[in-house]
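Pasted below: run.pdb, PDB, C-alpha atoms.
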MODEL        1
ATOM      1  CA  MET A   1     -10.861 -16.653  -4.873
ATOM      2  CA  SER A   2     -11.966 -17.775  -8.280
ATOM      3  CA  ASP A   3      -9.986 -16.983 -11.436
ATOM      4  CA  SER A   4     -13.064 -17.467 -13.602
ATOM      5  CA  ARG A   5     -14.357 -14.542 -15.626
ATOM      6  CA  ARG A   6     -17.990 -13.744 -15.235
ATOM      7  CA  SER A   7     -20.393 -11.059 -16.291
ATOM      8  CA  SER A   8     -21.633  -9.297 -13.177
ATOM      9  CA  THR A   9     -24.068  -6.461 -12.764
ATOM     10  CA  ARG A  10     -22.889  -5.813  -9.196
ATOM     11  CA  THR A  11     -19.531  -4.194  -8.608
ATOM     12  CA  VAL A  12     -17.452  -2.521  -5.910
ATOM     13  CA  LEU A  13     -16.552   1.145  -5.488
ATOM     14  CA  GLY A  14     -12.983   1.257  -4.212
ATOM     15  CA  PHE A  15     -10.754   3.951  -2.716
ATOM     16  CA  ASP A  16      -6.966   3.699  -2.626
ATOM     17  CA  ILE A  17      -6.003   6.538  -0.288
ATOM     18  CA  GLY A  18      -2.319   7.408  -0.207
ATOM     19  CA  GLY A  19      -0.340  10.330   1.067
ATOM     20  CA  THR A  20       0.181  11.723  -2.427
ATOM     21  CA  LYS A  21      -2.853  10.613  -4.438
ATOM     22  CA  THR A  22      -6.244   9.005  -4.033
ATOM     23  CA  ALA A  23      -7.623   6.702  -6.704
ATOM     24  CA  CYS A  24     -11.349   5.970  -6.940
ATOM     25  CA  VAL A  25     -12.133   2.814  -8.907
ATOM     26  CA  GLU A  26     -14.974   0.545  -9.888
ATOM     27  CA  GLY A  27     -14.045  -3.121 -10.007
ATOM     28  CA  ASN A  28     -15.594  -6.558 -10.155
ATOM     29  CA  ILE A  29     -15.261  -9.826  -8.266
ATOM     30  CA  ASP A  30     -12.306 -10.896 -10.437
ATOM     31  CA  GLY A  31     -10.265  -7.840  -9.501
ATOM     32  CA  GLU A  32     -10.796  -6.224 -12.898
ATOM     33  CA  ILE A  33     -10.858  -2.428 -12.897
ATOM     34  CA  LEU A  34     -13.763  -1.143 -14.964
ATOM     35  CA  GLN A  35     -13.112   2.561 -14.486
ATOM     36  CA  ARG A  36     -10.961   4.842 -12.333
ATOM     37  CA  VAL A  37     -10.255   8.457 -11.536
ATOM     38  CA  GLU A  38      -7.287   9.857  -9.645
ATOM     39  CA  THR A  39      -6.995  13.026  -7.587
ATOM     40  CA  PRO A  40      -4.300  14.555  -5.342
ATOM     41  CA  THR A  41      -4.878  13.680  -1.688
ATOM     42  CA  ASN A  42      -3.545  17.000  -0.354
ATOM     43  CA  ALA A  43      -2.786  15.068   2.818
ATOM     44  CA  ALA A  44      -1.686  18.049   4.880
ATOM     45  CA  GLN A  45      -5.036  19.777   4.423
ATOM     46  CA  ALA A  46      -7.895  19.119   6.801
ATOM     47  CA  PHE A  47     -10.008  16.086   5.942
ATOM     48  CA  ALA A  48     -13.157  18.217   5.870
ATOM     49  CA  GLU A  49     -11.642  20.305   3.075
ATOM     50  CA  THR A  50     -10.500  17.459   0.826
ATOM     51  CA  PHE A  51     -13.063  14.706   1.392
ATOM     52  CA  PRO A  52     -15.938  16.349  -0.571
ATOM     53  CA  GLY A  53     -13.795  16.489  -3.716
ATOM     54  CA  ILE A  54     -12.916  12.800  -3.424
ATOM     55  CA  VAL A  55     -16.585  11.915  -2.979
ATOM     56  CA  LYS A  56     -17.518  13.977  -6.021
ATOM     57  CA  HIS A  57     -15.115  12.002  -8.203
ATOM     58  CA  ALA A  58     -16.457   8.727  -6.802
ATOM     59  CA  GLN A  59     -20.062   9.737  -7.428
ATOM     60  CA  THR A  60     -19.164  10.317 -11.057
ATOM     61  CA  LEU A  61     -18.048   6.679 -11.272
ATOM     62  CA  VAL A  62     -21.287   5.546  -9.662
ATOM     63  CA  GLY A  63     -23.254   7.444 -12.308
ATOM     64  CA  VAL A  64     -21.263   5.918 -15.158
ATOM     65  CA  ALA A  65     -21.767   2.431 -13.689
ATOM     66  CA  LYS A  66     -25.515   3.011 -13.420
ATOM     67  CA  ASP A  67     -25.707   4.159 -17.040
ATOM     68  CA  ALA A  68     -23.929   0.941 -18.041
ATOM     69  CA  GLY A  69     -26.464  -1.191 -16.151
ATOM     70  CA  ARG A  70     -24.238  -1.996 -13.187
ATOM     71  CA  THR A  71     -25.034  -1.553  -9.491
ATOM     72  CA  ILE A  72     -22.492  -0.697  -6.815
ATOM     73  CA  ALA A  73     -22.827  -3.329  -4.079
ATOM     74  CA  ALA A  74     -20.267  -2.072  -1.561
ATOM     75  CA  VAL A  75     -17.686   0.595  -0.789
ATOM     76  CA  SER A  76     -14.144  -0.623  -0.156
ATOM     77  CA  VAL A  77     -11.135   1.316   1.155
ATOM     78  CA  SER A  78      -7.394   0.713   1.276
ATOM     79  CA  VAL A  79      -5.657   3.241   3.551
ATOM     80  CA  GLY A  80      -2.524   3.397   5.652
ATOM     81  CA  GLY A  81      -2.560   3.027   9.412
ATOM     82  CA  PRO A  82      -2.533   3.120  12.312
ATOM     83  CA  LEU A  83      -6.293   2.625  12.192
ATOM     84  CA  LYS A  84      -9.114   0.641  13.784
ATOM     85  CA  ILE A  85     -10.075  -1.631  10.923
ATOM     86  CA  ASP A  86     -13.568  -2.792  11.936
ATOM     87  CA  GLU A  87     -14.592   0.730  12.917
ATOM     88  CA  GLY A  88     -12.917   2.264   9.856
ATOM     89  CA  PHE A  89     -11.381   4.882  12.133
ATOM     90  CA  LEU A  90      -8.078   6.542  11.209
ATOM     91  CA  ILE A  91      -6.004   7.080  14.336
ATOM     92  CA  ASN A  92      -2.900   8.986  13.247
ATOM     93  CA  PRO A  93      -1.484   7.798   9.899
ATOM     94  CA  PRO A  94       1.767   9.782   9.510
ATOM     95  CA  HIS A  95       1.388  10.185   5.744
ATOM     96  CA  LEU A  96      -2.117  11.671   6.189
ATOM     97  CA  PRO A  97      -1.562  14.432   8.765
ATOM     98  CA  GLY A  98      -4.851  16.134   7.938
ATOM     99  CA  TRP A  99      -6.801  12.905   8.436
ATOM    100  CA  HIS A 100      -5.988  12.100  12.067
ATOM    101  CA  GLY A 101      -8.912  11.073  14.259
ATOM    102  CA  VAL A 102     -11.245  10.636  11.271
ATOM    103  CA  ASP A 103     -14.204   8.244  11.339
ATOM    104  CA  LEU A 104     -13.785   7.453   7.643
ATOM    105  CA  LYS A 105     -16.326   4.626   7.596
ATOM    106  CA  SER A 106     -19.103   6.864   8.910
ATOM    107  CA  HIS A 107     -18.283   9.636   6.437
ATOM    108  CA  LEU A 108     -18.367   7.223   3.508
ATOM    109  CA  GLY A 109     -21.560   5.654   4.816
ATOM    110  CA  ALA A 110     -23.199   9.074   4.807
ATOM    111  CA  ALA A 111     -21.901   9.824   1.313
ATOM    112  CA  PHE A 112     -23.105   6.476  -0.083
ATOM    113  CA  PRO A 113     -26.179   5.582   2.014
ATOM    114  CA  GLY A 114     -27.399   2.007   2.003
ATOM    115  CA  LEU A 115     -24.069   0.505   0.973
ATOM    116  CA  PRO A 116     -21.813  -1.526   3.260
ATOM    117  CA  VAL A 117     -18.477   0.249   3.816
ATOM    118  CA  LEU A 118     -15.387  -1.865   4.505
ATOM    119  CA  VAL A 119     -11.977  -0.457   5.372
ATOM    120  CA  GLU A 120      -8.662  -2.290   5.225
ATOM    121  CA  HIS A 121      -5.055  -1.412   6.061
ATOM    122  CA  ASP A 122      -3.247  -0.765   2.788
ATOM    123  CA  GLY A 123      -0.536  -3.289   3.622
ATOM    124  CA  ILE A 124      -3.070  -6.058   4.173
ATOM    125  CA  ALA A 125      -5.074  -4.979   1.111
ATOM    126  CA  GLY A 126      -1.910  -5.201  -0.975
ATOM    127  CA  ALA A 127      -1.050  -8.597   0.481
ATOM    128  CA  LEU A 128      -4.516  -9.922  -0.353
ATOM    129  CA  SER A 129      -4.278  -8.504  -3.869
ATOM    130  CA  GLU A 130      -1.022 -10.273  -4.562
ATOM    131  CA  PHE A 131      -2.052 -13.454  -2.764
ATOM    132  CA  TYR A 132      -5.175 -13.908  -4.889
ATOM    133  CA  PHE A 133      -4.577 -12.005  -8.128
ATOM    134  CA  GLY A 134      -0.804 -11.471  -8.361
ATOM    135  CA  VAL A 135       2.120 -13.639  -7.293
ATOM    136  CA  GLY A 136      -0.224 -16.195  -5.730
ATOM    137  CA  ASN A 137      -2.556 -16.520  -8.701
ATOM    138  CA  GLY A 138      -2.654 -20.180  -9.699
ATOM    139  CA  ARG A 139      -0.312 -21.259  -6.879
ATOM    140  CA  THR A 140      -1.366 -23.744  -4.221
ATOM    141  CA  ASP A 141       1.955 -23.773  -2.365
ATOM    142  CA  LEU A 142       2.041 -20.110  -1.331
ATOM    143  CA  ARG A 143       1.182 -19.772   2.362
ATOM    144  CA  HIS A 144       3.532 -17.104   3.718
ATOM    145  CA  LEU A 145       3.642 -13.704   2.024
ATOM    146  CA  ILE A 146       4.561 -10.176   3.080
ATOM    147  CA  PHE A 147       3.484  -7.140   1.100
ATOM    148  CA  LEU A 148       5.389  -3.892   1.590
ATOM    149  CA  THR A 149       3.506  -0.745   0.614
ATOM    150  CA  PHE A 150       6.640   1.362  -0.087
ATOM    151  CA  GLY A 151       4.830   4.532  -1.141
ATOM    152  CA  THR A 152       4.870   7.887   0.621
ATOM    153  CA  GLY A 153       5.323   5.818   3.798
ATOM    154  CA  VAL A 154       6.165   2.188   4.571
ATOM    155  CA  GLY A 155       3.765  -0.406   5.923
ATOM    156  CA  ALA A 156       3.416  -4.151   5.589
ATOM    157  CA  GLY A 157       0.692  -6.723   5.264
ATOM    158  CA  PHE A 158       1.331 -10.234   6.585
ATOM    159  CA  ILE A 159      -0.216 -13.453   5.373
ATOM    160  CA  VAL A 160       0.913 -16.299   7.620
ATOM    161  CA  ASN A 161      -0.230 -19.883   7.031
ATOM    162  CA  GLY A 162      -2.644 -18.497   4.447
ATOM    163  CA  GLN A 163      -4.310 -16.166   6.963
ATOM    164  CA  ILE A 164      -4.153 -12.406   7.518
ATOM    165  CA  LEU A 165      -2.213 -11.358  10.601
ATOM    166  CA  ARG A 166      -3.718  -8.188  12.156
ATOM    167  CA  GLY A 167      -2.481  -8.282  15.739
ATOM    168  CA  ALA A 168      -4.268  -7.388  18.980
ATOM    169  CA  SER A 169      -4.818  -3.724  18.047
ATOM    170  CA  ASP A 170      -4.817  -3.894  14.220
ATOM    171  CA  THR A 171      -1.242  -2.572  14.144
ATOM    172  CA  ALA A 172       0.617  -5.660  12.948
ATOM    173  CA  GLY A 173       2.553  -4.508   9.897
ATOM    174  CA  GLU A 174       3.420  -0.980  11.034
ATOM    175  CA  VAL A 175       7.064  -1.739  10.309
ATOM    176  CA  GLY A 176       7.786   1.827   9.221
ATOM    177  CA  HIS A 177       7.889   2.658  12.944
ATOM    178  CA  TRP A 178      10.827   0.299  13.588
ATOM    179  CA  ARG A 179      14.003   2.111  14.588
ATOM    180  CA  LEU A 180      16.845   0.896  12.393
ATOM    181  CA  ALA A 181      19.459   3.375  13.628
ATOM    182  CA  GLU A 182      20.050   5.664  16.598
ATOM    183  CA  ASP A 183      20.312   8.612  14.247
ATOM    184  CA  GLY A 184      18.987   9.428  10.791
ATOM    185  CA  PRO A 185      16.117  11.274   9.145
ATOM    186  CA  MET A 186      12.808  11.730  10.947
ATOM    187  CA  GLY A 187       9.954   9.474   9.874
ATOM    188  CA  PHE A 188       6.818   8.083  11.527
ATOM    189  CA  GLY A 189       7.595  10.291  14.523
ATOM    190  CA  LYS A 190      10.912   8.566  15.168
ATOM    191  CA  ARG A 191      14.424   9.505  14.082
ATOM    192  CA  GLY A 192      16.196   6.622  12.362
ATOM    193  CA  SER A 193      12.969   4.725  11.667
ATOM    194  CA  TRP A 194      12.592   2.408   8.693
ATOM    195  CA  GLU A 195      10.150   4.870   7.131
ATOM    196  CA  SER A 196      12.693   7.670   7.467
ATOM    197  CA  PHE A 197      15.231   5.755   5.375
ATOM    198  CA  ALA A 198      13.239   3.753   2.849
ATOM    199  CA  SER A 199       9.921   5.280   1.836
ATOM    200  CA  GLY A 200       8.961   7.983  -0.631
ATOM    201  CA  ALA A 201       9.367  10.615   2.058
ATOM    202  CA  GLY A 202      12.534   8.860   3.221
ATOM    203  CA  LEU A 203      14.084   9.020  -0.244
ATOM    204  CA  VAL A 204      13.594  12.778  -0.227
ATOM    205  CA  GLU A 205      15.147  13.121   3.242
ATOM    206  CA  LEU A 206      18.143  11.017   2.234
ATOM    207  CA  ALA A 207      18.555  13.030  -0.968
ATOM    208  CA  ALA A 208      18.477  16.277   1.017
ATOM    209  CA  GLN A 209      21.102  14.950   3.423
ATOM    210  CA  LEU A 210      23.426  13.527   0.770
ATOM    211  CA  PHE A 211      23.065  16.318  -1.787
ATOM    212  CA  PRO A 212      21.762  19.413   0.035
ATOM    213  CA  LYS A 213      22.698  21.773  -2.790
ATOM    214  CA  ARG A 214      20.374  19.901  -5.158
ATOM    215  CA  TRP A 215      17.462  18.625  -3.039
ATOM    216  CA  ARG A 216      15.630  19.845   0.053
ATOM    217  CA  SER A 217      13.197  18.228   2.462
ATOM    218  CA  GLU A 218      10.392  20.028   0.625
ATOM    219  CA  THR A 219      11.340  18.546  -2.772
ATOM    220  CA  PRO A 220       8.415  16.586  -4.250
ATOM    221  CA  ILE A 221       8.894  12.826  -4.062
ATOM    222  CA  ARG A 222       8.204  12.553  -7.772
ATOM    223  CA  GLU A 223      11.230  14.710  -8.609
ATOM    224  CA  VAL A 224      13.654  12.440  -6.747
ATOM    225  CA  VAL A 225      12.066   9.239  -8.076
ATOM    226  CA  GLU A 226      12.107  10.483 -11.680
ATOM    227  CA  ALA A 227      15.828  11.219 -11.330
ATOM    228  CA  MET A 228      16.355   7.645 -10.117
ATOM    229  CA  ILE A 229      14.356   6.210 -13.008
ATOM    230  CA  ALA A 230      16.488   8.318 -15.384
ATOM    231  CA  ASN A 231      19.579   6.703 -13.776
ATOM    232  CA  ASP A 232      20.957  10.042 -12.647
ATOM    233  CA  ALA A 233      24.256   9.331 -10.853
ATOM    234  CA  GLU A 234      23.466  11.252  -7.664
ATOM    235  CA  ALA A 235      19.937   9.900  -7.502
ATOM    236  CA  LEU A 236      21.258   6.356  -7.837
ATOM    237  CA  GLN A 237      23.518   6.970  -4.839
ATOM    238  CA  VAL A 238      20.422   7.921  -2.863
ATOM    239  CA  ALA A 239      18.648   4.761  -4.091
ATOM    240  CA  ALA A 240      21.611   2.607  -3.068
ATOM    241  CA  GLU A 241      21.633   4.121   0.428
ATOM    242  CA  ALA A 242      17.873   3.622   0.769
ATOM    243  CA  GLY A 243      18.259   0.066  -0.522
ATOM    244  CA  LYS A 244      20.828  -0.669   2.175
ATOM    245  CA  TRP A 245      18.394   0.410   4.903
ATOM    246  CA  MET A 246      15.566  -1.400   3.168
ATOM    247  CA  GLY A 247      17.657  -4.550   3.366
ATOM    248  CA  ARG A 248      18.199  -4.141   7.093
ATOM    249  CA  GLY A 249      14.481  -3.940   7.709
ATOM    250  CA  LEU A 250      13.773  -6.862   5.388
ATOM    251  CA  ALA A 251      16.370  -9.045   7.107
ATOM    252  CA  LEU A 252      14.482  -8.601  10.373
ATOM    253  CA  LEU A 253      11.186  -9.513   8.707
ATOM    254  CA  ILE A 254      12.711 -12.551   7.045
ATOM    255  CA  ASP A 255      14.183 -13.830  10.308
ATOM    256  CA  ALA A 256      10.949 -13.206  12.232
ATOM    257  CA  LEU A 257       8.313 -14.502   9.809
ATOM    258  CA  ASN A 258      10.219 -16.733   7.354
ATOM    259  CA  PRO A 259       8.100 -15.706   4.309
ATOM    260  CA  GLN A 260       8.187 -17.310   0.882
ATOM    261  CA  ALA A 261       7.873 -13.929  -0.813
ATOM    262  CA  ILE A 262       8.108 -10.241   0.003
ATOM    263  CA  VAL A 263       6.262  -8.234  -2.627
ATOM    264  CA  PHE A 264       6.788  -4.506  -3.106
ATOM    265  CA  GLY A 265       4.138  -2.047  -4.197
ATOM    266  CA  SER A 266       4.335   1.436  -5.680
ATOM    267  CA  LEU A 267       7.968   2.604  -5.620
ATOM    268  CA  GLY A 268       9.188  -0.991  -5.612
ATOM    269  CA  VAL A 269       7.597  -1.376  -9.044
ATOM    270  CA  ALA A 270       8.941   1.946 -10.314
ATOM    271  CA  LEU A 271      12.498   1.583  -8.978
ATOM    272  CA  GLY A 272      12.974  -2.203  -9.107
ATOM    273  CA  GLU A 273      16.573  -3.338  -8.799
ATOM    274  CA  ARG A 274      17.812   0.155  -7.967
ATOM    275  CA  ILE A 275      16.445  -0.557  -4.478
ATOM    276  CA  LEU A 276      16.184  -4.354  -4.423
ATOM    277  CA  GLU A 277      19.758  -5.184  -5.477
ATOM    278  CA  PRO A 278      21.437  -3.353  -2.567
ATOM    279  CA  ALA A 279      18.726  -4.722  -0.274
ATOM    280  CA  ARG A 280      19.578  -8.290  -1.334
ATOM    281  CA  ARG A 281      23.243  -7.734  -0.504
ATOM    282  CA  VAL A 282      22.376  -6.676   3.031
ATOM    283  CA  ILE A 283      19.953  -9.586   3.463
ATOM    284  CA  ALA A 284      22.697 -11.997   2.410
ATOM    285  CA  ASP A 285      24.897 -10.611   5.199
ATOM    286  CA  GLU A 286      22.299 -10.230   7.948
ATOM    287  CA  ALA A 287      19.426 -12.715   7.582
ATOM    288  CA  LEU A 288      19.526 -16.386   8.528
ATOM    289  CA  PRO A 289      20.789 -18.163   5.387
ATOM    290  CA  GLN A 290      18.026 -20.774   5.288
ATOM    291  CA  ALA A 291      15.328 -18.115   5.757
ATOM    292  CA  ALA A 292      16.868 -15.816   3.125
ATOM    293  CA  ALA A 293      17.107 -18.713   0.661
ATOM    294  CA  ALA A 294      13.396 -19.460   1.066
ATOM    295  CA  CYS A 295      12.308 -15.868   0.364
ATOM    296  CA  LYS A 296      12.021 -14.075  -2.977
ATOM    297  CA  LEU A 297      11.945 -10.283  -3.253
ATOM    298  CA  LEU A 298       9.533  -9.301  -6.008
ATOM    299  CA  PRO A 299       8.045  -6.097  -7.378
ATOM    300  CA  SER A 300       4.274  -6.389  -7.424
ATOM    301  CA  VAL A 301       3.149  -8.816 -10.134
ATOM    302  CA  LEU A 302       0.109  -6.562 -10.538
ATOM    303  CA  GLY A 303       2.476  -3.690 -11.251
ATOM    304  CA  LYS A 304       0.875  -0.287 -11.466
ATOM    305  CA  ARG A 305      -2.551  -1.925 -10.928
ATOM    306  CA  ILE A 306      -1.707  -2.953  -7.363
ATOM    307  CA  GLY A 307      -3.221   0.105  -5.665
ATOM    308  CA  ASP A 308      -6.421  -0.145  -7.699
ATOM    309  CA  VAL A 309      -6.891  -3.838  -6.956
ATOM    310  CA  ALA A 310      -6.008  -3.278  -3.294
ATOM    311  CA  ALA A 311      -8.798  -0.708  -3.145
ATOM    312  CA  LEU A 312     -11.298  -3.525  -3.790
ATOM    313  CA  MET A 313      -9.935  -6.085  -1.358
ATOM    314  CA  ALA A 314     -11.705  -5.003   1.840
ATOM    315  CA  ALA A 315     -14.943  -5.850   0.049
ATOM    316  CA  LEU A 316     -13.756  -8.837  -2.006
ATOM    317  CA  SER A 317     -12.425 -10.561   1.123
ATOM    318  CA  GLU A 318     -15.718 -10.062   2.987
ATOM    319  CA  PRO A 319     -17.923 -13.181   2.594
ATOM    320  CA  ARG A 320     -21.274 -11.370   2.592
ATOM    321  CA  VAL A 321     -20.131  -8.972  -0.141
ATOM    322  CA  ARG A 322     -18.731 -11.829  -2.223
ATOM    323  CA  ARG A 323     -22.060 -13.618  -1.977
ATOM    324  CA  MET A 324     -23.820 -10.520  -3.319
ATOM    325  CA  LEU A 325     -21.366 -10.254  -6.191
ATOM    326  CA  GLU A 326     -21.570 -13.958  -7.019
ATOM    327  CA  GLU A 327     -25.355 -13.908  -7.060
ATOM    328  CA  SER A 328     -25.572 -11.014  -9.527
TER     329      SER A 328
ENDMDL
END

Show me, as structure tokens, the structure contained in the file I just sent.
Amino acid sequence: MSDSRRSSTRTVLGFDIGGTKTACVEGNIDGEILQRVETPTNAAQAFAETFPGIVKHAQTLVGVAKDAGRTIAAVSVSVGGPLKIDEGFLINPPHLPGWHGVDLKSHLGAAFPGLPVLVEHDGIAGALSEFYFGVGNGRTDLRHLIFLTFGTGVGAGFIVNGQILRGASDTAGEVGHWRLAEDGPMGFGKRGSWESFASGAGLVELAAQLFPKRWRSETPIREVVEAMIANDAEALQVAAEAGKWMGRGLALLIDALNPQAIVFGSLGVALGERILEPARRVIADEALPQAAAACKLLPSVLGKRIGDVAALMAALSEPRVRRMLEES
């Protein structure tokens, strides 16, 4: 993708749908965010109850773009799986319990008639964002990259030999489902899963187990994360434990796919070395030395922008949409 800056009258309406919040953005072909609005996802509520509010916010952006002389050319979505990507159908994403069995593409098509709607797994969307606009920007040697969502849940996007890896059923990257231990918190429908130990929800479960007098399973993720960022002693113990389990999962990925970089979104940016340093120690013990030496662990170079840019990538990686944007 080009790094050149251009004035374009055609833009993309993007949705970054997470378990905690949904961001609606307008962006251009260079990954620049022109405007955004954020709303709680209320993921446990039924889709039919929450979707109209999200659409209302997005329609406000469309109106602002029109007043500025810009035209929305496509609708783009980044959302966690499992999902059927081409159909834009959400199967049963664990961090969106109210959105199971939702034909998201059709609903967005009805809300924004006449516009192509493209849906992408949030792990892949994050990988594409970093590959083109983040860690890979200006690099010609980067061919093997893994992006780890590390938000409310955990998912991954794989770029292997410069190409997206989706798998036979669009479920490549659902690493949060991996069982790392026979026992542990419950996550992604499986006790001891990677997501149960090292995700936003996993941090809360670990905190509740380690310090039950202070935190409960119902504690908001933000409360635990803010304590970690403030370097609270008990919260840092939780981060170190989560980092250990993060490292075990990463060692498996490093051995299997031999990436040059693993890039962390969301909480990886917020928590940084509080999670990555204990993870590196485990990787040093468990991964093949030559594979570990070839791989860098990095918070997203795009930082807090990663979710917004990822929201655009389903459209920006689609050739027919890019042609429309380039011709404007």

Going by the chain IDs and residue numbers used in this file, which residues fall under the PyMOL selection byres ((chain A and resi 244) around 8)? Write them as a PyMOL selection string.
chain A and resi 240-243+245-248+275+278-279+281-282

Quick check on the file I pasted: which residues fall under the PyMOL selection byres ((chain A and resi 315) around 9)? Write them as a count of residues only.
22

To one decimal place in Å, what is the distance between CA of Arg323 in chain A and CA of Ile29 in chain A?
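Between CA of Arg323 in chain A and CA of Ile29 in chain A the gap works out to 10.0 Å.
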
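For the pair CA of Phe131 in chain A and CA of Ile159 in chain A, the separation is 8.3 Å.
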
Expand the PyMOL selection byres ((chain A and resi 185) around 10) into the explicit residue set it covers here, and present it as a PDB file with C-alpha atoms, keeping the file's coordinate frame.
ATOM      1  CA  ALA A 181      19.459   3.375  13.628  1.00  0.00           C
ATOM      2  CA  ASP A 183      20.312   8.612  14.247  1.00  0.00           C
ATOM      3  CA  GLY A 184      18.987   9.428  10.791  1.00  0.00           C
ATOM      4  CA  MET A 186      12.808  11.730  10.947  1.00  0.00           C
ATOM      5  CA  GLY A 187       9.954   9.474   9.874  1.00  0.00           C
ATOM      6  CA  LYS A 190      10.912   8.566  15.168  1.00  0.00           C
ATOM      7  CA  ARG A 191      14.424   9.505  14.082  1.00  0.00           C
ATOM      8  CA  GLY A 192      16.196   6.622  12.362  1.00  0.00           C
ATOM      9  CA  SER A 193      12.969   4.725  11.667  1.00  0.00           C
ATOM     10  CA  TRP A 194      12.592   2.408   8.693  1.00  0.00           C
ATOM     11  CA  GLU A 195      10.150   4.870   7.131  1.00  0.00           C
ATOM     12  CA  SER A 196      12.693   7.670   7.467  1.00  0.00           C
ATOM     13  CA  PHE A 197      15.231   5.755   5.375  1.00  0.00           C
ATOM     14  CA  ALA A 201       9.367  10.615   2.058  1.00  0.00           C
ATOM     15  CA  GLY A 202      12.534   8.860   3.221  1.00  0.00           C
ATOM     16  CA  LEU A 203      14.084   9.020  -0.244  1.00  0.00           C
ATOM     17  CA  VAL A 204      13.594  12.778  -0.227  1.00  0.00           C
ATOM     18  CA  GLU A 205      15.147  13.121   3.242  1.00  0.00           C
ATOM     19  CA  LEU A 206      18.143  11.017   2.234  1.00  0.00           C
ATOM     20  CA  ALA A 208      18.477  16.277   1.017  1.00  0.00           C
ATOM     21  CA  GLN A 209      21.102  14.950   3.423  1.00  0.00           C
TER      22      GLN A 209
END

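From CA of Gly200 in chain A back to CA of Ile221 in chain A, the distance works out to 5.9 Å.
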
Shell around Phe89 in chain A at 12 Å using all atoms listed in the file, local window under 2 positions removed, as a list of chain:residue names:
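The contact residues come out as A:Val77, A:Val79, A:Gly80, A:Gly81, A:Pro82, A:Leu83, A:Lys84, A:Ile85, A:Asp86, A:Glu87, A:Ile91, A:Asn92, A:Pro93, A:Trp99, A:His100, A:Gly101, A:Val102, A:Asp103, A:Leu104, A:Lys105, A:Ser106, A:His107, A:Leu108, A:Val117, A:Leu118, A:Val119, A:Glu120, A:His121, A:Asp170.
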
Extract, using all atoms listed in the file, all DNA, RNA and protein residues at most 12 Å from Glu38 in chain A, discarding same-chain residues fewer than 2 positions from it, and format them as a PyMOL selection string.
chain A and resi 14-18+20-25+35-36+40-41+53-58+60-61+307-308

As lines of an AutoDock Vina configuration file, please: the centre and edge lengths in Å, to one decimal, of an axis-aligned box enclosing every listed atom of range 267-280 of chain A with 6 Å added on each side.
center_x = 14.5
center_y = -2.8
center_z = -5.3
size_x = 25.8
size_y = 22.9
size_z = 22.0

Selected residue, from A:Glu32, A:Glu130, A:Glu26, A:Asp67, that lies nearest to Gly303 in chain A when counting only C-alpha atoms
A:Glu130

Got a sec: who's within 10 Å of Phe150 in chain A, counting all atoms listed in the file, leaving out chain neighbours fewer than 5 positions off, as a ChimeraX atom specification?
/A:123,155-156,176,195,198-201,246,263-269

Nearest residue to Val225 in chain A from the set A:Ile306, A:Ile254, A:Ala294, A:Ala239 (distances using all atoms listed in the file):
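Nearest to Val225 in chain A: A:Ala239.
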
Let me make sure I understand: among A:Ala65, A:Ile72, A:Ala310, A:Ala44, which one has the smallest atom-to-atom distance to Leu325 in chain A if we use all atoms listed in the file?
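Counting all atoms listed in the file, the residue closest to Leu325 in chain A is A:Ile72.
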